[in-house]
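The structure appears below as structure tokens.
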Number of protein chains: 2
Amino acid sequence: MLMATPHAATRASRAPLVAPRRAAEPALPDPCRTCAVRALSVCAALKGAEMAGLAGIVGRSQYPAGATIMMEGDPADHLFNIIEGTVQIYRLLPDGRRQITGFLMGGDFLGLALNDTNPYSAEAVGTVSLCRLPRRRFEQLIDQFPQLERRMLVDASNELFAAQEQMLLLGRKTAREKVATFLLMLARRAARRGKPDDEIVLAMSRAGIGDYLGLTIETVSRTITRLRRDGILALHGANRVEIVDREALEDAAEG
Amino acid sequence: MLMATPHAATRASRAPLVAPRRAAEPALPDPCRTCAVRALSVCAALKGAEMAGLAGIVGRSQYPAGATIMMEGDPADHLFNIIEGTVQIYRLLPDGRRQITGFLMGGDFLGLALNDTNPYSAEAVGTVSLCRLPRRRFEQLIDQFPQLERRMLVDASNELFAAQEQMLLLGRKTAREKVATFLLMLARRAARRGKPDDEIVLAMSRAGIGDYLGLTIETVSRTITRLRRDGILALHGANRVEIVDREALEDAAEG
DNA sequence: GAGACCGCTTGATCCAGGTCAAGGCCGGCG
DNA sequence: CGCCGGCCTTGACCTGGATCAAGCGGTCTC
């Protein structure tokens, strides 16, 4: 509702606003209407007019590669929706060992917990653009629209399931199985976003992959090399992975 | 409402029922009113009269040690509240490797996910008594009482946090740190139930501990032995652990 | 109360993945 | 355009925890 964006597509899609507001489904408020990930995000739980409350409180922000978005233990003033880019969330041990507990991408919700303090840190992997919501006002919205809460519970359930799968990976899989599982997960997520599912772009470094899988960078590197030598993958530069033999990769993921 | 219990305290607290129902807070319906873990469970979200709906649909059941309560992939017809005993939930790899993703105890809710099929298997560790709710009817209750949904979201949030902590443990901690962390977790849970926090009774076998921590039974056993030799623990039989030096145990848990 | 079974401990050995150490590749900057 | 600094890869070696293999209690059965 507030700021105009210079994006051409935005101007074009705004034209209908000159029409009187007699339409059955009122035009979506601005920042959310033009949101590329609305259908994937919690916002999908709200329809037409209900979006107004949301649109009124959101703000966009951009973070450069490596920027810290939130720190574990700090007050949780804001929630975020990822618009574009990849965010890694992680927890640290006192001596600096790091466990990345998730990579969030477009449409994912950052701050599901609704705690007063952040339960983990979050960092931009590449350039990231986020939709920021003040927590207090979002909580008011939840009280107003129960379907938002339902949607959050569904999301939390799914995350819990994913977390258990990740525990299985961390506790019981070999390095080869871990890397294969990880690549398949990225391929599936790419596919859900309409991208080809046999060409993976690794937004994160080898250190990021290692800290997600409970491995060192050397083991990640060696394991990828071995999968390449086995004819399962092909590399196009260090960060572009092609799945050459998907079936073999799936076999490798489960022992 | 239905069956009378022979418990003396129950009879005593029932006396007010003879009074006319003008009381502001009506007496709780029977099976829930006498529930030892009500304050700890989701049921705490419902007050007085609201409990009637819940009480009408619950049933108690008992499982012997080792019994399977639910199987991963089977239709999720029921949800459960743990009344007494310990339940382990786990996921398997095709070749039988197992990861236990949680131990549930009195007051914990089994079936948070609300999926159509069970996302994991659950098994009684010792003798377990459960409160069983048909899922369909519980979902109707949720629609009726939004505070139930809120409570489930809070629970799911907490589980998510615990899951991330467990990922940190599985991915980045040494065997000694894992075992120390595990024992401290059990001690804290015992304390929340009003038991002494320096005497832990291990309901689960070494195999269970190993499958929870991503270790073998031999490593679990050796690690406990070492903590004992270091004067941090004392064992009274294989399953009764006394924390002798809590500070040292806490140091051991975080490197 | 003898035997068998099951879960736990302990010892000996092995090996997957960690650690340490060199390069190699590539993109940014002067 | 050549140098510099980050990543990434690869090699050599090491080690924490796995694997393999005996026992050792405790307890259940008959």
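Naming works like this for the structure tokens: A, B, ... for the chains as they're shown, residue 1 at the start of each chain, ligands 1 onward in shown order.
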**Report entry** Members of stretch 123-235 of chain A assigned strand (DSSP E) by DSSP, as an MDAnalysis selection string
**Finding:** chainID A and resid 123:124 128:134 199:201 233:235
Save the residues we just selected, N, CA, C and O atoms, as a PDB file, in the first residue's frame?
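After the write, out.pdb holds the following:
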ATOM      1  N   GLU A 123      21.279 -16.871   8.400  1.00  0.00           N
ATOM      2  CA  GLU A 123      22.279 -16.153   7.622  1.00  0.00           C
ATOM      3  C   GLU A 123      21.962 -16.268   6.140  1.00  0.00           C
ATOM      4  O   GLU A 123      21.561 -17.335   5.667  1.00  0.00           O
ATOM      5  N   ALA A 124      22.142 -15.160   5.409  1.00  0.00           N
ATOM      6  CA  ALA A 124      21.930 -15.183   3.959  1.00  0.00           C
ATOM      7  C   ALA A 124      23.050 -15.961   3.292  1.00  0.00           C
ATOM      8  O   ALA A 124      24.220 -15.725   3.573  1.00  0.00           O
ATOM      9  N   VAL A 128      19.824 -12.249  -0.644  1.00  0.00           N
ATOM     10  CA  VAL A 128      18.509 -12.750  -0.247  1.00  0.00           C
ATOM     11  C   VAL A 128      17.542 -11.593  -0.137  1.00  0.00           C
ATOM     12  O   VAL A 128      17.894 -10.533   0.374  1.00  0.00           O
ATOM     13  N   SER A 129      16.326 -11.774  -0.626  1.00  0.00           N
ATOM     14  CA  SER A 129      15.324 -10.751  -0.347  1.00  0.00           C
ATOM     15  C   SER A 129      14.177 -11.345   0.439  1.00  0.00           C
ATOM     16  O   SER A 129      13.711 -12.450   0.169  1.00  0.00           O
ATOM     17  N   LEU A 130      13.784 -10.625   1.481  1.00  0.00           N
ATOM     18  CA  LEU A 130      12.840 -11.125   2.471  1.00  0.00           C
ATOM     19  C   LEU A 130      11.651 -10.203   2.604  1.00  0.00           C
ATOM     20  O   LEU A 130      11.730  -9.002   2.320  1.00  0.00           O
ATOM     21  N   CYS A 131      10.570 -10.776   3.072  1.00  0.00           N
ATOM     22  CA  CYS A 131       9.392 -10.007   3.437  1.00  0.00           C
ATOM     23  C   CYS A 131       9.333 -10.035   4.955  1.00  0.00           C
ATOM     24  O   CYS A 131       9.269 -11.106   5.549  1.00  0.00           O
ATOM     25  N   ARG A 132       9.382  -8.856   5.579  1.00  0.00           N
ATOM     26  CA  ARG A 132       9.499  -8.800   7.028  1.00  0.00           C
ATOM     27  C   ARG A 132       8.178  -8.413   7.687  1.00  0.00           C
ATOM     28  O   ARG A 132       7.516  -7.464   7.249  1.00  0.00           O
ATOM     29  N   LEU A 133       7.796  -9.149   8.754  1.00  0.00           N
ATOM     30  CA  LEU A 133       6.553  -8.832   9.470  1.00  0.00           C
ATOM     31  C   LEU A 133       6.849  -8.622  10.947  1.00  0.00           C
ATOM     32  O   LEU A 133       7.503  -9.466  11.566  1.00  0.00           O
ATOM     33  N   PRO A 134       6.355  -7.522  11.516  1.00  0.00           N
ATOM     34  CA  PRO A 134       6.518  -7.349  12.966  1.00  0.00           C
ATOM     35  C   PRO A 134       5.744  -8.464  13.669  1.00  0.00           C
ATOM     36  O   PRO A 134       4.595  -8.732  13.336  1.00  0.00           O
ATOM     37  N   GLU A 199      19.198 -30.729 -12.748  1.00  0.00           N
ATOM     38  CA  GLU A 199      20.301 -29.761 -12.762  1.00  0.00           C
ATOM     39  C   GLU A 199      20.194 -28.953 -11.475  1.00  0.00           C
ATOM     40  O   GLU A 199      19.274 -28.167 -11.308  1.00  0.00           O
ATOM     41  N   ILE A 200      21.134 -29.187 -10.556  1.00  0.00           N
ATOM     42  CA  ILE A 200      21.068 -28.535  -9.253  1.00  0.00           C
ATOM     43  C   ILE A 200      22.113 -27.433  -9.174  1.00  0.00           C
ATOM     44  O   ILE A 200      23.278 -27.660  -9.501  1.00  0.00           O
ATOM     45  N   VAL A 201      21.681 -26.258  -8.749  1.00  0.00           N
ATOM     46  CA  VAL A 201      22.638 -25.188  -8.489  1.00  0.00           C
ATOM     47  C   VAL A 201      22.846 -25.120  -6.982  1.00  0.00           C
ATOM     48  O   VAL A 201      21.891 -24.920  -6.229  1.00  0.00           O
ATOM     49  N   LEU A 233      26.834 -38.430 -11.211  1.00  0.00           N
ATOM     50  CA  LEU A 233      26.721 -36.980 -11.342  1.00  0.00           C
ATOM     51  C   LEU A 233      27.673 -36.479 -12.435  1.00  0.00           C
ATOM     52  O   LEU A 233      28.635 -37.152 -12.789  1.00  0.00           O
ATOM     53  N   ALA A 234      27.393 -35.272 -12.917  1.00  0.00           N
ATOM     54  CA  ALA A 234      28.388 -34.537 -13.696  1.00  0.00           C
ATOM     55  C   ALA A 234      28.461 -33.138 -13.110  1.00  0.00           C
ATOM     56  O   ALA A 234      27.437 -32.583 -12.688  1.00  0.00           O
ATOM     57  N   LEU A 235      29.648 -32.580 -13.015  1.00  0.00           N
ATOM     58  CA  LEU A 235      29.808 -31.227 -12.465  1.00  0.00           C
ATOM     59  C   LEU A 235      30.071 -30.227 -13.590  1.00  0.00           C
ATOM     60  O   LEU A 235      30.867 -30.492 -14.490  1.00  0.00           O
TER      61      LEU A 235
END
Query raised in the report: Which parts of stretch 128-198 of chain B does DSSP call alpha helix (DSSP H) when run on the backbone here, written out as a PyMOL selection string?
Result: chain B and resi 135-144+146-172+175-192
Residues of the last selection are to be written out with C-alpha atoms, as a PDB file, in the first residue's frame.
ATOM      1  CA  ARG B 135      -8.482 -38.508  15.126  1.00  0.00           C
ATOM      2  CA  ARG B 136     -11.636 -37.396  13.311  1.00  0.00           C
ATOM      3  CA  ARG B 137     -13.383 -36.481  16.521  1.00  0.00           C
ATOM      4  CA  PHE B 138     -10.342 -34.756  17.899  1.00  0.00           C
ATOM      5  CA  GLU B 139     -10.179 -32.654  14.754  1.00  0.00           C
ATOM      6  CA  GLN B 140     -13.774 -31.616  15.324  1.00  0.00           C
ATOM      7  CA  LEU B 141     -12.798 -30.574  18.832  1.00  0.00           C
ATOM      8  CA  ILE B 142      -9.986 -28.480  17.411  1.00  0.00           C
ATOM      9  CA  ASP B 143     -12.420 -26.612  15.183  1.00  0.00           C
ATOM     10  CA  GLN B 144     -14.604 -26.005  18.197  1.00  0.00           C
ATOM     11  CA  PRO B 146      -9.195 -22.751  18.925  1.00  0.00           C
ATOM     12  CA  GLN B 147      -7.102 -22.737  22.096  1.00  0.00           C
ATOM     13  CA  LEU B 148      -6.481 -26.434  21.454  1.00  0.00           C
ATOM     14  CA  GLU B 149      -4.963 -25.585  18.110  1.00  0.00           C
ATOM     15  CA  ARG B 150      -2.879 -22.862  19.672  1.00  0.00           C
ATOM     16  CA  ARG B 151      -1.633 -25.303  22.246  1.00  0.00           C
ATOM     17  CA  MET B 152      -0.703 -27.788  19.555  1.00  0.00           C
ATOM     18  CA  LEU B 153       1.192 -25.113  17.669  1.00  0.00           C
ATOM     19  CA  VAL B 154       3.109 -24.234  20.821  1.00  0.00           C
ATOM     20  CA  ASP B 155       3.876 -27.917  21.394  1.00  0.00           C
ATOM     21  CA  ALA B 156       4.973 -28.343  17.779  1.00  0.00           C
ATOM     22  CA  SER B 157       7.247 -25.304  18.139  1.00  0.00           C
ATOM     23  CA  ASN B 158       8.857 -26.779  21.197  1.00  0.00           C
ATOM     24  CA  GLU B 159       9.332 -30.114  19.480  1.00  0.00           C
ATOM     25  CA  LEU B 160      10.900 -28.350  16.537  1.00  0.00           C
ATOM     26  CA  PHE B 161      13.332 -26.647  18.844  1.00  0.00           C
ATOM     27  CA  ALA B 162      14.171 -29.944  20.522  1.00  0.00           C
ATOM     28  CA  ALA B 163      14.602 -31.542  17.105  1.00  0.00           C
ATOM     29  CA  GLN B 164      17.144 -28.910  16.123  1.00  0.00           C
ATOM     30  CA  GLU B 165      19.023 -29.438  19.337  1.00  0.00           C
ATOM     31  CA  GLN B 166      19.078 -33.140  18.571  1.00  0.00           C
ATOM     32  CA  MET B 167      20.429 -32.452  15.070  1.00  0.00           C
ATOM     33  CA  LEU B 168      23.240 -30.469  16.671  1.00  0.00           C
ATOM     34  CA  LEU B 169      23.932 -33.416  18.913  1.00  0.00           C
ATOM     35  CA  LEU B 170      23.836 -36.012  16.137  1.00  0.00           C
ATOM     36  CA  GLY B 171      25.842 -34.017  13.646  1.00  0.00           C
ATOM     37  CA  ARG B 172      28.460 -32.365  15.782  1.00  0.00           C
ATOM     38  CA  ALA B 175      30.103 -39.856  21.956  1.00  0.00           C
ATOM     39  CA  ARG B 176      30.944 -38.505  25.413  1.00  0.00           C
ATOM     40  CA  GLU B 177      29.092 -35.249  24.766  1.00  0.00           C
ATOM     41  CA  LYS B 178      26.114 -37.141  23.381  1.00  0.00           C
ATOM     42  CA  VAL B 179      25.769 -39.419  26.401  1.00  0.00           C
ATOM     43  CA  ALA B 180      26.253 -36.559  28.870  1.00  0.00           C
ATOM     44  CA  THR B 181      23.639 -34.453  27.063  1.00  0.00           C
ATOM     45  CA  PHE B 182      21.229 -37.374  27.058  1.00  0.00           C
ATOM     46  CA  LEU B 183      21.558 -38.022  30.774  1.00  0.00           C
ATOM     47  CA  LEU B 184      21.059 -34.342  31.564  1.00  0.00           C
ATOM     48  CA  MET B 185      17.938 -34.278  29.413  1.00  0.00           C
ATOM     49  CA  LEU B 186      16.508 -37.243  31.321  1.00  0.00           C
ATOM     50  CA  ALA B 187      17.389 -35.596  34.626  1.00  0.00           C
ATOM     51  CA  ARG B 188      15.610 -32.383  33.609  1.00  0.00           C
ATOM     52  CA  ARG B 189      12.519 -34.265  32.520  1.00  0.00           C
ATOM     53  CA  ALA B 190      12.471 -36.187  35.775  1.00  0.00           C
ATOM     54  CA  ALA B 191      12.738 -32.902  37.662  1.00  0.00           C
ATOM     55  CA  ARG B 192       9.773 -31.450  35.750  1.00  0.00           C
TER      56      ARG B 192
END
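Using only C-alpha atoms (C1' of nucleotides), the nearest neighbour of D:DC7 within the list C:DG17, C:DG1, C:DG24, C:DG11 is C:DG24.
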For chain A against chain C, with a cut-off of 12 Å and counting only C-alpha atoms (C1' of nucleotides), what is the closest atom pair and its distance in Å to one decimal for every residue that makes the cut, ordered by chain and number, as CSV?
residue,atom,partner,partner_atom,distance
A:Lys173,CA,C:DA16,C1',11.7
A:Thr174,CA,C:DA16,C1',8.4
A:Ala175,CA,C:DG17,C1',8.0
A:Arg176,CA,C:DA16,C1',10.7
A:Gly214,CA,C:DG17,C1',10.7
A:Leu215,CA,C:DG17,C1',8.1
A:Thr216,CA,C:DG18,C1',7.4
A:Ile217,CA,C:DG18,C1',10.2
A:Glu218,CA,C:DG18,C1',8.8
A:Thr219,CA,C:DG17,C1',7.0
A:Val220,CA,C:DG17,C1',10.3
A:Arg222,CA,C:DG17,C1',10.6
A:Thr223,CA,C:DG17,C1',10.7
A:Gly237,CA,C:DC25,C1',9.9
A:Ala238,CA,C:DC25,C1',10.0
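Using only C-alpha atoms, the nearest neighbour of chain B within the list A:Arg91, A:Arg229, A:Lys47, A:Arg60 is A:Arg91.
For the set D:DC3, D:DC8, D:DC20, D:DC13, the residue with the smallest atom-to-atom gap to chain B is D:DC20, counting only C-alpha atoms (C1' of nucleotides).
The spacing separating atom CA of B:Ile100 from atom CA of B:Thr86 amounts to 12.8 Å.
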Report summary line: Closest of D:DC30, D:DA21, D:DG16, D:DC1 to chain B, counting only C-alpha atoms (C1' of nucleotides), is D:DG16
Report task. For chain B, work out the contacting residues on chain D at 12 Å, counting only C-alpha atoms (C1' of nucleotides), and write them as a list in words. Result -> DG16, DG17, DA18, DT19, DC20, DG25 and DG26 of chain D
Using only all heavy atoms, please write the residues we just selected to a file, as a compact mmCIF listing (two decimals), in the first residue's frame.
# COMPACT_ATOMS: atom_id res chain seq x y z
P DG D 16 40.73 -39.96 19.24
OP1 DG D 16 41.24 -38.59 19.41
OP2 DG D 16 41.13 -41.04 20.16
O5' DG D 16 39.13 -39.87 19.18
C5' DG D 16 38.51 -39.15 18.11
C4' DG D 16 37.22 -39.82 17.68
O4' DG D 16 37.50 -40.94 16.80
C3' DG D 16 36.36 -40.39 18.81
O3' DG D 16 35.01 -40.19 18.41
C2' DG D 16 36.77 -41.87 18.85
C1' DG D 16 37.09 -42.16 17.39
N9 DG D 16 38.20 -43.09 17.13
C8 DG D 16 39.29 -43.31 17.94
N7 DG D 16 40.13 -44.17 17.42
C5 DG D 16 39.57 -44.54 16.21
C6 DG D 16 40.04 -45.44 15.22
O6 DG D 16 41.06 -46.11 15.20
N1 DG D 16 39.16 -45.52 14.14
C2 DG D 16 37.99 -44.81 14.03
N2 DG D 16 37.27 -45.01 12.92
N3 DG D 16 37.54 -43.96 14.94
C4 DG D 16 38.38 -43.88 16.01
P DG D 17 33.81 -40.43 19.38
OP1 DG D 17 32.86 -39.32 19.16
OP2 DG D 17 34.32 -40.73 20.72
O5' DG D 17 33.16 -41.74 18.76
C5' DG D 17 32.82 -41.72 17.39
C4' DG D 17 32.69 -43.11 16.84
O4' DG D 17 33.99 -43.75 16.76
C3' DG D 17 31.81 -44.07 17.64
O3' DG D 17 30.98 -44.70 16.70
C2' DG D 17 32.82 -45.02 18.28
C1' DG D 17 33.85 -45.08 17.17
N9 DG D 17 35.17 -45.59 17.54
C8 DG D 17 35.87 -45.33 18.69
N7 DG D 17 37.03 -45.94 18.72
C5 DG D 17 37.09 -46.64 17.52
C6 DG D 17 38.11 -47.49 17.00
O6 DG D 17 39.18 -47.79 17.50
N1 DG D 17 37.76 -47.98 15.74
C2 DG D 17 36.59 -47.70 15.08
N2 DG D 17 36.41 -48.25 13.87
N3 DG D 17 35.64 -46.92 15.56
C4 DG D 17 35.95 -46.42 16.78
P DA D 18 29.85 -45.76 16.91
OP1 DA D 18 28.63 -45.12 16.41
OP2 DA D 18 29.93 -46.29 18.29
O5' DA D 18 30.25 -46.90 15.89
C5' DA D 18 30.45 -46.57 14.52
C4' DA D 18 30.93 -47.80 13.76
O4' DA D 18 32.27 -48.11 14.17
C3' DA D 18 30.10 -49.05 13.99
O3' DA D 18 29.93 -49.74 12.75
C2' DA D 18 30.92 -49.84 15.00
C1' DA D 18 32.35 -49.42 14.68
N9 DA D 18 33.21 -49.37 15.86
C8 DA D 18 33.02 -48.64 17.00
N7 DA D 18 33.97 -48.78 17.89
C5 DA D 18 34.86 -49.66 17.31
C6 DA D 18 36.07 -50.22 17.74
N6 DA D 18 36.64 -49.94 18.93
N1 DA D 18 36.71 -51.07 16.92
C2 DA D 18 36.15 -51.34 15.73
N3 DA D 18 35.01 -50.88 15.20
C4 DA D 18 34.41 -50.04 16.05
P DT D 19 29.08 -51.04 12.66
OP1 DT D 19 28.56 -51.06 11.28
OP2 DT D 19 28.19 -51.14 13.83
O5' DT D 19 30.15 -52.23 12.81
C5' DT D 19 31.30 -52.24 11.98
C4' DT D 19 32.16 -53.43 12.35
O4' DT D 19 32.91 -53.15 13.56
C3' DT D 19 31.39 -54.73 12.62
O3' DT D 19 32.04 -55.77 11.90
C2' DT D 19 31.52 -54.92 14.14
C1' DT D 19 32.87 -54.27 14.40
N1 DT D 19 33.11 -53.74 15.77
C2 DT D 19 34.28 -54.07 16.41
O2 DT D 19 35.13 -54.79 15.92
N3 DT D 19 34.43 -53.51 17.66
C4 DT D 19 33.54 -52.69 18.32
O4 DT D 19 33.81 -52.26 19.43
C5 DT D 19 32.33 -52.39 17.60
C7 DT D 19 31.30 -51.52 18.23
C6 DT D 19 32.16 -52.93 16.36
P DC D 20 31.39 -57.21 11.74
OP1 DC D 20 31.65 -57.62 10.34
OP2 DC D 20 30.02 -57.17 12.29
O5' DC D 20 32.30 -58.12 12.70
C5' DC D 20 33.72 -58.01 12.62
C4' DC D 20 34.37 -58.79 13.74
O4' DC D 20 34.42 -57.99 14.93
C3' DC D 20 33.63 -60.08 14.12
O3' DC D 20 34.62 -61.07 14.35
C2' DC D 20 32.90 -59.68 15.39
C1' DC D 20 33.94 -58.75 16.02
N1 DC D 20 33.44 -57.81 17.04
C2 DC D 20 34.24 -57.55 18.16
O2 DC D 20 35.34 -58.10 18.26
N3 DC D 20 33.79 -56.68 19.10
C4 DC D 20 32.61 -56.10 18.95
N4 DC D 20 32.22 -55.25 19.90
C5 DC D 20 31.78 -56.35 17.82
C6 DC D 20 32.22 -57.21 16.89
P DG D 25 30.20 -61.05 37.04
OP1 DG D 25 29.78 -59.69 37.41
OP2 DG D 25 31.49 -61.61 37.49
O5' DG D 25 29.09 -62.06 37.58
C5' DG D 25 27.89 -62.23 36.88
C4' DG D 25 26.99 -60.99 37.02
O4' DG D 25 26.47 -60.71 35.68
C3' DG D 25 25.77 -61.22 37.87
O3' DG D 25 25.15 -59.99 38.19
C2' DG D 25 24.90 -62.03 36.92
C1' DG D 25 25.21 -61.38 35.56
N9 DG D 25 25.32 -62.36 34.49
C8 DG D 25 26.24 -63.37 34.37
N7 DG D 25 26.08 -64.08 33.26
C5 DG D 25 24.99 -63.48 32.63
C6 DG D 25 24.36 -63.82 31.41
O6 DG D 25 24.64 -64.73 30.62
N1 DG D 25 23.30 -62.96 31.15
C2 DG D 25 22.91 -61.90 31.96
N2 DG D 25 21.87 -61.19 31.54
N3 DG D 25 23.49 -61.58 33.09
C4 DG D 25 24.53 -62.42 33.37
P DG D 26 24.13 -59.87 39.47
OP1 DG D 26 24.53 -58.62 40.14
OP2 DG D 26 24.12 -61.18 40.17
O5' DG D 26 22.65 -59.67 38.87
C5' DG D 26 22.51 -59.45 37.50
C4' DG D 26 21.07 -59.50 37.05
O4' DG D 26 21.03 -60.41 35.93
C3' DG D 26 20.00 -60.02 38.02
O3' DG D 26 18.76 -59.47 37.61
C2' DG D 26 20.07 -61.54 37.77
C1' DG D 26 20.32 -61.59 36.27
N9 DG D 26 21.14 -62.71 35.79
C8 DG D 26 22.23 -63.27 36.40
N7 DG D 26 22.76 -64.25 35.71
C5 DG D 26 21.97 -64.33 34.57
C6 DG D 26 22.07 -65.20 33.45
O6 DG D 26 22.89 -66.10 33.24
N1 DG D 26 21.06 -64.95 32.51
C2 DG D 26 20.10 -63.96 32.65
N2 DG D 26 19.22 -63.86 31.65
N3 DG D 26 20.01 -63.14 33.68
C4 DG D 26 20.97 -63.39 34.61
**Report entry** Long-range neighbours of A:Ala39 as JSON, numbers by chain, 12 Å cut-off, only C-alpha atoms (C1' of nucleotides), 6 positions minimum in chain
**Finding:** {"A": [32, 33, 45, 46, 47, 81, 83, 106, 107, 108, 192, 193]}
Query raised in the report: Taking only C-alpha atoms into account, which of A:Glu84, A:Asp116, A:Asp74, A:Glu254 comes nearest chain B?
Result: A:Glu254
Query raised in the report: Which value, in Å to one decimal, gives the distance between atom CA of A:Gly85 and atom CA of A:Glu72?
Result: 20.9 Å
Report task. In Å, rounded to a single decimal, give me how far atom CA of A:Pro31 is from atom CA of A:Ala55. Result -> 6.2 Å
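Nearest to chain B of all the residues A:Ser205, A:Asn239, A:Asn115, A:Ser221 is A:Asn115, based on only C-alpha atoms.
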